[in-house]
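Structure first, commentary second.
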Amino acid sequence: MTLHIVNQSPHANNALGDCLQAYVEGDALLLIEDGVYAATGQHDLPESNVYCLKADAEARGISIKSPIEGVDEVRWVSLCTEHNPIVSWFK
């Protein structure tokens, strides 16, 4: 089970698209930094195991809606220990 971390806006490049092509059932997706813009509901994200860093979403005025789970830094670390490998998507 891979943890995919996307830190780039889906409007800026194709990091999210590339990530979703590699995503398979059982993986997890964590949106951080400008990647949290993907949590606005305008993008087709997996129906489960999608997480968004709450602090980054709040800093950008984005409300996290179900089924995306807002997480803090402690949960981020937990996700990193639960998944192997961890892939960061950026361009």
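Lettering and numbering for the structure tokens are positional, with chains as A, B, ... in the shown order, residues counted from 1 in each chain, and ligands counted from 1 in the shown order.
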
Mind checking which residues fall within 12 Å of His83 in chain A, counting only C-alpha atoms, ignoring those fewer than 4 positions away in the same chain, and posting them as a tab-separated table (two decimals) with N, CA and C atoms, in the first residue's frame?
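The new file around22.tsv reads:
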chain	number	residue	atom	x	y	z
A	1	MET	N	0.83	-1.17	0.00
A	1	MET	CA	0.00	0.00	0.00
A	1	MET	C	0.88	1.24	0.00
A	2	THR	N	0.78	2.00	-1.04
A	2	THR	CA	1.59	3.19	-1.23
A	2	THR	C	0.89	4.41	-0.66
A	3	LEU	N	1.65	5.30	-0.05
A	3	LEU	CA	1.16	6.62	0.33
A	3	LEU	C	1.65	7.59	-0.73
A	4	HIS	N	0.71	8.19	-1.45
A	4	HIS	CA	1.02	9.18	-2.48
A	4	HIS	C	0.84	10.56	-1.85
A	5	ILE	N	1.84	11.41	-1.95
A	5	ILE	CA	1.77	12.77	-1.40
A	5	ILE	C	1.86	13.75	-2.56
A	26	GLY	N	-6.36	0.39	-2.33
A	26	GLY	CA	-5.57	0.11	-1.14
A	26	GLY	C	-4.52	1.15	-0.86
A	27	ASP	N	-4.19	1.98	-1.86
A	27	ASP	CA	-3.24	3.08	-1.66
A	27	ASP	C	-3.93	4.21	-0.88
A	28	ALA	N	-3.14	5.19	-0.48
A	28	ALA	CA	-3.67	6.38	0.18
A	28	ALA	C	-3.10	7.61	-0.51
A	29	LEU	N	-3.87	8.69	-0.48
A	29	LEU	CA	-3.47	9.95	-1.10
A	29	LEU	C	-3.51	11.04	-0.05
A	30	LEU	N	-2.41	11.76	0.12
A	30	LEU	CA	-2.33	12.87	1.06
A	30	LEU	C	-2.07	14.15	0.28
A	49	ASN	N	-9.58	6.67	1.46
A	49	ASN	CA	-8.15	6.82	1.76
A	49	ASN	C	-7.55	8.09	1.17
A	76	TRP	N	-0.29	12.62	9.88
A	76	TRP	CA	0.58	12.52	8.70
A	76	TRP	C	1.71	11.55	8.99
A	77	VAL	N	2.35	11.71	10.12
A	77	VAL	CA	3.45	10.81	10.50
A	77	VAL	C	2.92	9.37	10.61
A	78	SER	N	1.74	9.22	11.18
A	78	SER	CA	1.15	7.90	11.30
A	78	SER	C	0.91	7.28	9.93
A	79	LEU	N	0.40	8.06	8.98
A	79	LEU	CA	0.21	7.56	7.63
A	79	LEU	C	1.53	7.09	7.02
A	87	VAL	N	5.47	7.92	-1.99
A	87	VAL	CA	5.84	8.58	-3.23
A	87	VAL	C	5.37	10.02	-3.18

Subject >> Long-range neighbours of range 54-58 of chain A as a VMD selection string, 10 Å cut-off, only C-alpha atoms, 3 positions minimum in chain >> reply: chain A and resid 31 to 37 39 to 40 51 61 to 64 69 to 73

Next, write the just-selected residues to a file, as a PDB file, in the first residue's frame, keeping C-alpha atoms as the atom set.
ATOM      1  CA  LEU A  31      -2.816  16.416  -0.205  1.00  0.00           C
ATOM      2  CA  ILE A  32      -0.436  19.008   1.270  1.00  0.00           C
ATOM      3  CA  GLU A  33       0.708  22.566   0.513  1.00  0.00           C
ATOM      4  CA  ASP A  34      -0.923  23.723  -2.771  1.00  0.00           C
ATOM      5  CA  GLY A  35      -2.068  20.156  -3.418  1.00  0.00           C
ATOM      6  CA  VAL A  36      -4.990  20.867  -1.075  1.00  0.00           C
ATOM      7  CA  TYR A  37      -6.669  22.739  -3.954  1.00  0.00           C
ATOM      8  CA  ALA A  39      -9.918  18.938  -2.239  1.00  0.00           C
ATOM      9  CA  THR A  40     -12.337  21.555  -3.601  1.00  0.00           C
ATOM     10  CA  TYR A  51      -6.376  12.828   3.312  1.00  0.00           C
ATOM     11  CA  GLY A  61      -9.428  29.033   2.838  1.00  0.00           C
ATOM     12  CA  ILE A  62     -10.446  25.560   1.678  1.00  0.00           C
ATOM     13  CA  SER A  63     -13.136  23.540   3.446  1.00  0.00           C
ATOM     14  CA  ILE A  64     -12.440  19.829   3.568  1.00  0.00           C
ATOM     15  CA  GLU A  69     -10.324  13.310   5.822  1.00  0.00           C
ATOM     16  CA  GLY A  70      -8.592  16.334   7.315  1.00  0.00           C
ATOM     17  CA  VAL A  71      -5.437  15.364   9.203  1.00  0.00           C
ATOM     18  CA  ASP A  72      -2.877  17.063  11.403  1.00  0.00           C
ATOM     19  CA  GLU A  73       0.881  16.531  11.412  1.00  0.00           C
TER      20      GLU A  73
END

Subject >> strand (DSSP E or B) per DSSP on the backbone: members of chain A, as a PyMOL selection string >> reply: chain A and resi 3-6+28-31+50-53+69-71+86-89

Residues just named, written with C-alpha atoms as a PDB file, in the first residue's frame:
ATOM      1  CA  LEU A   3       1.161   6.615   0.333  1.00  0.00           C
ATOM      2  CA  HIS A   4       1.020   9.182  -2.476  1.00  0.00           C
ATOM      3  CA  ILE A   5       1.766  12.765  -1.404  1.00  0.00           C
ATOM      4  CA  VAL A   6       0.810  15.606  -3.741  1.00  0.00           C
ATOM      5  CA  ALA A  28      -3.668   6.379   0.179  1.00  0.00           C
ATOM      6  CA  LEU A  29      -3.467   9.947  -1.099  1.00  0.00           C
ATOM      7  CA  LEU A  30      -2.330  12.871   1.057  1.00  0.00           C
ATOM      8  CA  LEU A  31      -2.816  16.416  -0.205  1.00  0.00           C
ATOM      9  CA  VAL A  50      -7.834  10.475   0.724  1.00  0.00           C
ATOM     10  CA  TYR A  51      -6.376  12.828   3.312  1.00  0.00           C
ATOM     11  CA  CYS A  52      -5.770  16.560   3.373  1.00  0.00           C
ATOM     12  CA  LEU A  53      -3.476  18.452   5.729  1.00  0.00           C
ATOM     13  CA  GLU A  69     -10.324  13.310   5.822  1.00  0.00           C
ATOM     14  CA  GLY A  70      -8.592  16.334   7.315  1.00  0.00           C
ATOM     15  CA  VAL A  71      -5.437  15.364   9.203  1.00  0.00           C
ATOM     16  CA  ILE A  86       5.883   6.684   0.078  1.00  0.00           C
ATOM     17  CA  VAL A  87       5.845   8.577  -3.232  1.00  0.00           C
ATOM     18  CA  SER A  88       5.944  12.373  -3.452  1.00  0.00           C
ATOM     19  CA  TRP A  89       4.446  13.820  -6.632  1.00  0.00           C
TER      20      TRP A  89
END

Subject >> Which of range 42-88 of chain A fall in helix (DSSP H, G or I), as a ChimeraX atom specification >> reply: /A:54-59,73-82

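Between CA of Lys91 in chain A and CA of Ala38 in chain A lies a distance of 15.7 Å.
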
**OP:** Name the residues in contact with Glu47 in chain A at a cut-off of 10 Å, using only C-alpha atoms, excluding same-chain residues fewer than 6 positions from it; report them as a VMD selection string.
**Re:** chain A and resid 25 66 to 68

May I have the selected residues written with N, CA and C atoms, as a PDB file, in the first residue's frame?
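Result saved to part.pdb:
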ATOM      1  N   GLU A  25      -6.163   0.471  -5.833  1.00  0.00           N
ATOM      2  CA  GLU A  25      -6.984   0.227  -4.653  1.00  0.00           C
ATOM      3  C   GLU A  25      -6.101  -0.194  -3.481  1.00  0.00           C
ATOM      4  N   SER A  66     -16.253  15.578   3.134  1.00  0.00           N
ATOM      5  CA  SER A  66     -16.257  14.124   3.047  1.00  0.00           C
ATOM      6  C   SER A  66     -16.333  13.705   1.577  1.00  0.00           C
ATOM      7  N   PRO A  67     -15.664  12.695   1.158  1.00  0.00           N
ATOM      8  CA  PRO A  67     -15.006  11.652   1.942  1.00  0.00           C
ATOM      9  C   PRO A  67     -13.543  11.941   2.273  1.00  0.00           C
ATOM     10  N   ILE A  68     -13.065  13.143   1.968  1.00  0.00           N
ATOM     11  CA  ILE A  68     -11.680  13.498   2.282  1.00  0.00           C
ATOM     12  C   ILE A  68     -11.573  13.730   3.779  1.00  0.00           C
TER      13      ILE A  68
END

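Nearest to Asn14 in chain A of all the residues A:Asp44, A:Ala59, A:Phe90, A:Glu82 is A:Phe90, based on only C-alpha atoms.
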
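Atom to atom, CA of Gln21 in chain A and CA of Arg60 in chain A stand 26.2 Å apart.
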
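Of note, CA of Ser48 in chain A and CA of Pro10 in chain A are spaced 18.9 Å apart.
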